[in-house]
Amino acid sequence: MGRPTPGAHQEHGVEELCAKGARLYERALREGRVAALDAEPAPCLLEFGLLHPAVDDLDRLEPVAPALALHGLLRASAARIAAERHREERLAALFEPLMRTTGATTAPTEPASLRILSTYERINQAITEAMTEAAFELLSIQPHIQYTDSGQEEAQATALTRDQALLDRGCRIRTLYQHTTRHQPLILARYEKLRGDVEARTLDEVSDRLIVVDRKVAFVPAGEDSGLALEVRHPALLTYFTTAFERFWNLATPMHPQAVRQPTLNGVTPRQRAIATLLVEGHTDAVIAARLGMNVRTARVHIAKLAATLGSESRAQLGYLIGRSGILDQEQHPGPE
């Protein structure tokens, strides 16, 4: 709801010098110089002027004394502050007569009911601010994600800290996932670590990602780009989101180690029944996999088992046998497999 590429040097300010950069700068101060090749993992040192090429050997870098580096950085910071103040003065001079013309002499007292947030950092900041002010609950829907790369692990660690702070204030957290996330190690570890009024449930299918804080503000995707989100404060939309969440929640299965596997009906598992529903609607294997949060290969394995159970010898016959079997007419609380 763009994440940094794992292993790459991430841009940062000098006040947040990366660990590699800090270690190399300390080493350069001790030894007097370092090889230029050694500085490639920390290009920030050259960018911030903490290292510079040696006059007598361009393949080596020499450190700038900390006192001189600090003086230069503070001077640059002062120049930026002066430039920002000058910009503020110019903006005030531009908009003040316009505000007098429209009578809009005061800032709006309420935030906009709809606001587009761009970049992962801005989205995360807005969610964090909303959760910091929360006094009641957090509702969220988290569709299927492969929690495997280090970027996801970092995001989970940040969310864990933020969620625990909310729980410590006496708020509650309810989260909906797809069944396919029930066995993800990071998800299981999350609920082993969190302490407080926190509960998770799962369904075969859920909506796109949704976060609702205190039923006062919601965050939803603003397109296929994960770096765009919509912050929603409109009362009617918030009512719609929370009502949809409650209906999903009531149909979902609690996610905890003691959850009992749901029984089969006529030899058909709940997962196969969900697949059967999508098959009779005419969806392809790829669409079925995406809807149920699994890869295509896994979906085809389930389809093959369903076909074997019903005695089907072809895709066309399978649809007919699903309809004739009556498995889609039988009431069954959906559950994980």
# chains A, B, ... in the order shown; residues from 1 in each chain; ligands from 1

$ select_by_dssp --residues "range 66-273 of chain A" --states "strand (DSSP E or B)" --output "number ranges by chain"
A: 114-118, 137-142, 172-178, 197-203, 210-213, 217-221, 228-232, 253-254, 265, 268

$ residues_around --residues "range 247-252 of chain A" --least-positions-apart "6" --cutoff "6 Å" --atoms "only C-alpha atoms" --output "list of chain:residue names"
A:Arg201, A:Thr202, A:Leu203

$ write_last_selection --atoms "N, CA and C atoms" --output "compact mmCIF listing (two decimals), in the first residue's frame"
# COMPACT_ATOMS: atom_id res chain seq x y z
N ARG A 201 -8.38 -13.41 12.10
CA ARG A 201 -9.22 -14.44 11.49
C ARG A 201 -8.87 -14.53 10.01
N THR A 202 -9.29 -15.63 9.38
CA THR A 202 -8.97 -15.83 7.97
C THR A 202 -10.19 -16.26 7.16
N LEU A 203 -10.11 -15.94 5.86
CA LEU A 203 -11.13 -16.32 4.88
C LEU A 203 -10.43 -16.80 3.61

$ residues_around --residues "Ile127 in chain A" --least-positions-apart "4" --cutoff "8 Å" --atoms "only C-alpha atoms" --output "VMD selection string"
chain A and resid 123 131 219

$ closest_residue --among "A:Ala244, A:Ile303, A:Ala316, A:Leu138" --to "Asp197 in chain A" --atoms "only C-alpha atoms"
A:Leu138

$ atom_distance --atom1 "CA of Gln156 in chain A" --atom2 "CA of Gly170 in chain A"
21.2 Å

$ closest_residue --among "A:Thr181, A:Ser118, A:Thr242, A:Thr128" --to "Ser140 in chain A" --atoms "only C-alpha atoms"
A:Thr242

$ residues_around --residues "Val217 in chain A" --least-positions-apart "5" --cutoff "9 Å" --atoms "only C-alpha atoms" --output "PyMOL selection string"
chain A and resi 113+130+211-212+231-235+238

$ write_last_selection --atoms "C-alpha atoms" --output "CSV table (one decimal), in the first residue's frame"
chain,number,residue,atom,x,y,z
A,113,SER,CA,-12.3,14.0,3.8
A,130,ALA,CA,-3.4,8.0,13.0
A,211,ILE,CA,-6.9,-0.1,7.6
A,212,VAL,CA,-9.5,1.6,9.7
A,231,GLU,CA,-6.8,8.5,3.2
A,232,VAL,CA,-10.5,8.5,3.9
A,233,ARG,CA,-12.3,10.6,6.6
A,234,HIS,CA,-15.8,10.8,4.9
A,235,PRO,CA,-18.4,9.4,7.4
A,238,LEU,CA,-16.1,4.9,6.9

$ residues_around --residues "Tyr177 in chain A" --least-positions-apart "5" --cutoff "8 Å" --atoms "only C-alpha atoms" --output "VMD selection string"
chain A and resid 141 to 144 182 200 to 203 206

$ write_last_selection --atoms "all heavy atoms" --output "PDB file, in the first residue's frame"
ATOM      1  N   ILE A 141      -7.607  -5.326   6.963  1.00  0.00           N
ATOM      2  CA  ILE A 141      -7.684  -6.468   6.057  1.00  0.00           C
ATOM      3  C   ILE A 141      -6.361  -6.527   5.318  1.00  0.00           C
ATOM      4  O   ILE A 141      -5.942  -5.553   4.695  1.00  0.00           O
ATOM      5  CB  ILE A 141      -8.849  -6.329   5.070  1.00  0.00           C
ATOM      6  CG1 ILE A 141     -10.188  -6.325   5.817  1.00  0.00           C
ATOM      7  CG2 ILE A 141      -8.827  -7.456   4.045  1.00  0.00           C
ATOM      8  CD1 ILE A 141     -11.398  -6.103   4.912  1.00  0.00           C
ATOM      9  N   GLN A 142      -5.693  -7.668   5.405  1.00  0.00           N
ATOM     10  CA  GLN A 142      -4.382  -7.847   4.787  1.00  0.00           C
ATOM     11  C   GLN A 142      -4.462  -9.013   3.810  1.00  0.00           C
ATOM     12  O   GLN A 142      -4.441 -10.161   4.227  1.00  0.00           O
ATOM     13  CB  GLN A 142      -3.314  -8.122   5.853  1.00  0.00           C
ATOM     14  CG  GLN A 142      -3.159  -7.009   6.885  1.00  0.00           C
ATOM     15  CD  GLN A 142      -2.585  -5.736   6.294  1.00  0.00           C
ATOM     16  OE1 GLN A 142      -2.003  -5.754   5.219  1.00  0.00           O
ATOM     17  NE2 GLN A 142      -2.759  -4.627   6.982  1.00  0.00           N
ATOM     18  N   PRO A 143      -4.583  -8.739   2.509  1.00  0.00           N
ATOM     19  CA  PRO A 143      -4.641  -9.832   1.533  1.00  0.00           C
ATOM     20  C   PRO A 143      -3.322 -10.572   1.452  1.00  0.00           C
ATOM     21  O   PRO A 143      -2.328 -10.169   2.058  1.00  0.00           O
ATOM     22  CB  PRO A 143      -4.964  -9.118   0.214  1.00  0.00           C
ATOM     23  CG  PRO A 143      -4.473  -7.717   0.425  1.00  0.00           C
ATOM     24  CD  PRO A 143      -4.664  -7.423   1.883  1.00  0.00           C
ATOM     25  N   HIS A 144      -3.310 -11.640   0.677  1.00  0.00           N
ATOM     26  CA  HIS A 144      -2.161 -12.538   0.617  1.00  0.00           C
ATOM     27  C   HIS A 144      -0.898 -11.820   0.187  1.00  0.00           C
ATOM     28  O   HIS A 144      -0.880 -11.107  -0.802  1.00  0.00           O
ATOM     29  CB  HIS A 144      -2.435 -13.679  -0.358  1.00  0.00           C
ATOM     30  CG  HIS A 144      -1.303 -14.643  -0.500  1.00  0.00           C
ATOM     31  ND1 HIS A 144      -0.958 -15.509   0.500  1.00  0.00           N
ATOM     32  CD2 HIS A 144      -0.423 -14.845  -1.509  1.00  0.00           C
ATOM     33  CE1 HIS A 144       0.073 -16.240   0.097  1.00  0.00           C
ATOM     34  NE2 HIS A 144       0.418 -15.849  -1.120  1.00  0.00           N
ATOM     35  N   ARG A 182      -2.089 -18.399   6.972  1.00  0.00           N
ATOM     36  CA  ARG A 182      -2.162 -18.953   8.327  1.00  0.00           C
ATOM     37  C   ARG A 182      -0.858 -19.611   8.764  1.00  0.00           C
ATOM     38  O   ARG A 182      -0.564 -19.659   9.963  1.00  0.00           O
ATOM     39  CB  ARG A 182      -3.286 -19.995   8.408  1.00  0.00           C
ATOM     40  CG  ARG A 182      -4.659 -19.434   8.208  1.00  0.00           C
ATOM     41  CD  ARG A 182      -5.689 -20.535   8.238  1.00  0.00           C
ATOM     42  NE  ARG A 182      -5.812 -21.098   9.570  1.00  0.00           N
ATOM     43  CZ  ARG A 182      -6.635 -20.633  10.501  1.00  0.00           C
ATOM     44  NH1 ARG A 182      -7.402 -19.599  10.233  1.00  0.00           N
ATOM     45  NH2 ARG A 182      -6.701 -21.193  11.680  1.00  0.00           N
ATOM     46  N   ALA A 200      -6.934 -12.339  15.177  1.00  0.00           N
ATOM     47  CA  ALA A 200      -6.871 -12.459  13.725  1.00  0.00           C
ATOM     48  C   ALA A 200      -7.785 -13.582  13.270  1.00  0.00           C
ATOM     49  O   ALA A 200      -7.942 -14.585  13.970  1.00  0.00           O
ATOM     50  CB  ALA A 200      -5.437 -12.720  13.267  1.00  0.00           C
ATOM     51  N   ARG A 201      -8.383 -13.406  12.104  1.00  0.00           N
ATOM     52  CA  ARG A 201      -9.216 -14.441  11.493  1.00  0.00           C
ATOM     53  C   ARG A 201      -8.870 -14.533  10.010  1.00  0.00           C
ATOM     54  O   ARG A 201      -8.253 -13.622   9.446  1.00  0.00           O
ATOM     55  CB  ARG A 201     -10.705 -14.126  11.671  1.00  0.00           C
ATOM     56  CG  ARG A 201     -11.166 -14.138  13.126  1.00  0.00           C
ATOM     57  CD  ARG A 201     -12.671 -13.945  13.246  1.00  0.00           C
ATOM     58  NE  ARG A 201     -13.102 -13.916  14.634  1.00  0.00           N
ATOM     59  CZ  ARG A 201     -14.361 -13.833  15.029  1.00  0.00           C
ATOM     60  NH1 ARG A 201     -15.336 -13.775  14.118  1.00  0.00           N
ATOM     61  NH2 ARG A 201     -14.673 -13.803  16.315  1.00  0.00           N
ATOM     62  N   THR A 202      -9.295 -15.627   9.380  1.00  0.00           N
ATOM     63  CA  THR A 202      -8.968 -15.832   7.967  1.00  0.00           C
ATOM     64  C   THR A 202     -10.187 -16.256   7.162  1.00  0.00           C
ATOM     65  O   THR A 202     -11.137 -16.833   7.685  1.00  0.00           O
ATOM     66  CB  THR A 202      -7.867 -16.898   7.798  1.00  0.00           C
ATOM     67  OG1 THR A 202      -8.351 -18.161   8.299  1.00  0.00           O
ATOM     68  CG2 THR A 202      -6.601 -16.514   8.539  1.00  0.00           C
ATOM     69  N   LEU A 203     -10.109 -15.939   5.858  1.00  0.00           N
ATOM     70  CA  LEU A 203     -11.128 -16.316   4.881  1.00  0.00           C
ATOM     71  C   LEU A 203     -10.428 -16.797   3.609  1.00  0.00           C
ATOM     72  O   LEU A 203      -9.246 -16.496   3.402  1.00  0.00           O
ATOM     73  CB  LEU A 203     -12.002 -15.111   4.519  1.00  0.00           C
ATOM     74  CG  LEU A 203     -13.084 -14.675   5.510  1.00  0.00           C
ATOM     75  CD1 LEU A 203     -13.610 -13.303   5.096  1.00  0.00           C
ATOM     76  CD2 LEU A 203     -14.227 -15.675   5.540  1.00  0.00           C
ATOM     77  N   VAL A 206     -10.614 -12.180   0.581  1.00  0.00           N
ATOM     78  CA  VAL A 206     -10.860 -10.919   1.266  1.00  0.00           C
ATOM     79  C   VAL A 206     -10.757  -9.795   0.236  1.00  0.00           C
ATOM     80  O   VAL A 206     -10.369 -10.009  -0.901  1.00  0.00           O
ATOM     81  CB  VAL A 206      -9.853 -10.675   2.404  1.00  0.00           C
ATOM     82  CG1 VAL A 206     -10.013 -11.713   3.504  1.00  0.00           C
ATOM     83  CG2 VAL A 206      -8.416 -10.673   1.881  1.00  0.00           C
TER      84      VAL A 206
END

$ select_by_dssp --residues "range 95-321 of chain A" --states "alpha helix (DSSP H)" --output "PyMOL selection string"
chain A and resi 95-102+120-132+150-168+185-193+235-251+270-280+285-292+296-310+315-321

$ closest_residue --among "A:Ala36, A:Ala189, A:Ala157, A:Leu176" --to "Phe245 in chain A" --atoms "only C-alpha atoms"
A:Leu176

$ residues_around --residues "range 20-24 of chain A" --least-positions-apart "4" --cutoff "10 Å" --atoms "only C-alpha atoms" --output "number ranges by chain"
A: 9, 14, 16, 28-30, 33-34, 38-46, 50-51, 63

$ atom_distance --atom1 "CA of Leu94 in chain A" --atom2 "CA of Ala126 in chain A"
28.9 Å

$ closest_residue --among "A:Glu313, A:Lys305, A:Glu246, A:Gly282" --to "Thr269 in chain A" --atoms "only C-alpha atoms"
A:Lys305

$ residues_around --residues "His302 in chain A" --least-positions-apart "5" --cutoff "8 Å" --atoms "only C-alpha atoms" --output "list in words"
Arg271, Gln272 and Ile275 of chain A

$ write_last_selection --atoms "N, CA, C and O atoms" --output "mmCIF file, in the first residue's frame"
data_model
loop_
_atom_site.group_PDB
_atom_site.id
_atom_site.type_symbol
_atom_site.label_atom_id
_atom_site.label_comp_id
_atom_site.auth_asym_id
_atom_site.auth_seq_id
_atom_site.Cartn_x
_atom_site.Cartn_y
_atom_site.Cartn_z
ATOM 1 N N ARG A 271 -11.422 -25.688 0.989
ATOM 2 C CA ARG A 271 -10.627 -25.027 -0.041
ATOM 3 C C ARG A 271 -11.089 -25.452 -1.441
ATOM 4 O O ARG A 271 -11.229 -24.637 -2.344
ATOM 5 N N GLN A 272 -11.344 -26.757 -1.615
ATOM 6 C CA GLN A 272 -11.809 -27.245 -2.906
ATOM 7 C C GLN A 272 -13.202 -26.708 -3.226
ATOM 8 O O GLN A 272 -13.538 -26.442 -4.383
ATOM 9 N N ILE A 275 -12.778 -23.292 -4.567
ATOM 10 C CA ILE A 275 -12.291 -23.382 -5.948
ATOM 11 C C ILE A 275 -13.434 -23.784 -6.877
ATOM 12 O O ILE A 275 -13.565 -23.259 -7.988
#

$ atom_distance --atom1 "CA of Gly32 in chain A" --atom2 "CA of Pro53 in chain A"
12.0 Å
